[in-house]
>>> print(open('structure-v4.pdb').read())   # PDB, C-alpha atoms
ATOM      1  CA  MET A  13       3.751  33.288  27.626
ATOM      2  CA  ASN A  14       0.035  33.600  28.212
ATOM      3  CA  LEU A  15      -1.498  30.143  28.434
ATOM      4  CA  ASP A  16      -4.874  31.622  29.435
ATOM      5  CA  ALA A  17      -5.010  33.406  26.073
ATOM      6  CA  LEU A  18      -4.120  30.124  24.369
ATOM      7  CA  ALA A  19      -6.957  28.400  26.218
ATOM      8  CA  GLN A  20      -9.368  31.080  25.058
ATOM      9  CA  TYR A  21      -8.124  30.821  21.459
ATOM     10  CA  LEU A  22      -8.631  27.038  21.584
ATOM     11  CA  ASP A  23     -12.125  27.510  23.059
ATOM     12  CA  LEU A  24     -11.104  25.753  26.260
ATOM     13  CA  THR A  25     -11.252  26.930  29.834
ATOM     14  CA  ALA A  26      -7.939  27.554  31.592
ATOM     15  CA  GLN A  27      -8.736  24.500  33.743
ATOM     16  CA  GLU A  28      -9.271  22.305  30.674
ATOM     17  CA  LEU A  29      -5.958  23.459  29.203
ATOM     18  CA  ARG A  30      -4.232  22.587  32.507
ATOM     19  CA  GLU A  31      -5.900  19.152  32.434
ATOM     20  CA  THR A  32      -4.208  18.419  29.108
ATOM     21  CA  GLY A  33      -0.833  18.878  30.768
ATOM     22  CA  ILE A  34       0.352  21.355  28.132
ATOM     23  CA  SER A  35       3.145  23.542  29.440
ATOM     24  CA  GLN A  36       5.433  26.150  27.917
ATOM     25  CA  ASN A  37       7.938  23.367  27.216
ATOM     26  CA  ASP A  38       5.407  21.669  24.910
ATOM     27  CA  ILE A  39       4.956  24.716  22.686
ATOM     28  CA  HIS A  40       7.293  24.939  19.711
ATOM     29  CA  GLU A  41       7.964  27.589  17.114
ATOM     30  CA  ASP A  42       7.094  26.509  13.589
ATOM     31  CA  PRO A  43      10.183  27.176  11.484
ATOM     32  CA  GLY A  44       8.102  27.037   8.291
ATOM     33  CA  ASP A  45       6.868  29.974   6.266
ATOM     34  CA  LYS A  46       6.362  33.150   8.242
ATOM     35  CA  VAL A  47       3.437  35.285   7.195
ATOM     36  CA  ASP A  48       3.799  38.998   7.867
ATOM     37  CA  LEU A  49       6.829  38.223  10.061
ATOM     38  CA  ILE A  50       4.525  36.673  12.676
ATOM     39  CA  ASN A  51       5.859  33.482  14.186
ATOM     40  CA  ASN A  52       3.506  30.558  14.293
ATOM     41  CA  TYR A  53       3.602  27.940  17.014
ATOM     42  CA  TYR A  54       2.286  24.453  17.621
ATOM     43  CA  PHE A  55       1.960  21.729  20.206
ATOM     44  CA  ASN A  56       1.161  18.058  19.966
ATOM     45  CA  VAL A  57      -1.850  16.878  21.950
ATOM     46  CA  PRO A  58      -0.365  15.231  25.073
ATOM     47  CA  ASP A  59      -0.963  11.579  25.973
ATOM     48  CA  LYS A  60      -2.642  12.553  29.231
ATOM     49  CA  THR A  61      -5.328  14.734  27.629
ATOM     50  CA  PRO A  62      -8.669  13.630  29.126
ATOM     51  CA  GLN A  63     -11.171  11.951  26.841
ATOM     52  CA  HIS A  64     -13.804  14.661  27.395
ATOM     53  CA  ILE A  65     -11.411  17.289  26.009
ATOM     54  CA  LEU A  66     -10.400  15.070  23.077
ATOM     55  CA  GLY A  67     -14.088  14.694  22.250
ATOM     56  CA  LYS A  68     -14.906  18.368  22.742
ATOM     57  CA  LYS A  69     -12.116  19.455  20.394
ATOM     58  CA  ASN A  70     -12.222  16.411  18.097
ATOM     59  CA  TRP A  71      -8.487  15.969  18.738
ATOM     60  CA  SER A  72      -6.383  12.819  18.704
ATOM     61  CA  ILE A  73      -3.411  12.070  20.939
ATOM     62  CA  GLY A  74      -0.253  13.336  19.240
ATOM     63  CA  GLU A  75      -2.144  15.526  16.774
ATOM     64  CA  ARG A  76      -0.369  18.758  15.897
ATOM     65  CA  ILE A  77      -2.296  21.902  16.836
ATOM     66  CA  ASP A  78      -1.105  25.110  15.148
ATOM     67  CA  PHE A  79      -1.800  28.623  16.341
ATOM     68  CA  PRO A  80      -0.521  32.153  15.677
ATOM     69  CA  GLY A  81       2.261  33.380  17.944
ATOM     70  CA  GLU A  82       0.443  36.603  18.688
ATOM     71  CA  ILE A  83      -1.866  34.552  20.945
ATOM     72  CA  LEU A  84       0.999  34.023  23.379
ATOM     73  CA  ASP A  85       1.596  37.756  23.679
ATOM     74  CA  LEU A  86      -1.962  38.704  24.672
TER      75      LEU A  86
END
>>> encode(input="structure-v4.pdb", output="structure tokens")
Amino acid sequence: MNLDALAQYLDLTAQELRETGISQNDIHEDPGDKVDLINNYYFNVPDKTPQHILGKKNWSIGERIDFPGEILDL
């Protein structure tokens, strides 16, 4: 699983992604509709995400962030 690619997709630096505390254990497959047989994934914004990142991304604690699974394979 390539968390650096996820950081890039989210327009964060690798350091900023680490600051959120997101790990592989926080990333979940979305069992919903699959488009073109590509799995989609999500995570919920962790409680310990720093305020400057919340502001930069306009995220809220606990908010669900979806992304295509192909990002993790880059």
>>> closest_residue(input="structure-v4.pdb", among="A:Asn14, A:Gln27, A:Asn37, A:Thr32", to="A:Leu66", atoms="all atoms listed in the file")
A:Thr32
>>> closest_residue(input="structure-v4.pdb", among="A:Gln20, A:Gln36, A:Glu28, A:Gly81", to="A:Gln63", atoms="all atoms listed in the file")
A:Glu28
>>> atom_distance(input="structure-v4.pdb", atom1="atom CA of A:Asn52", atom2="atom CA of A:Lys69")
20.1 Å
>>> residues_near_point(input="structure-v4.pdb", point="(-1.5, 26.3, 17.1)", cutoff="8 Å", atoms="all atoms listed in the file", output="list in words")
Asn52, Tyr53, Tyr54, Phe55, Arg76, Ile77, Asp78, Phe79 and Pro80 of chain A
>>> atom_distance(input="structure-v4.pdb", atom1="atom CA of A:His40", atom2="atom CA of A:His64")
24.7 Å
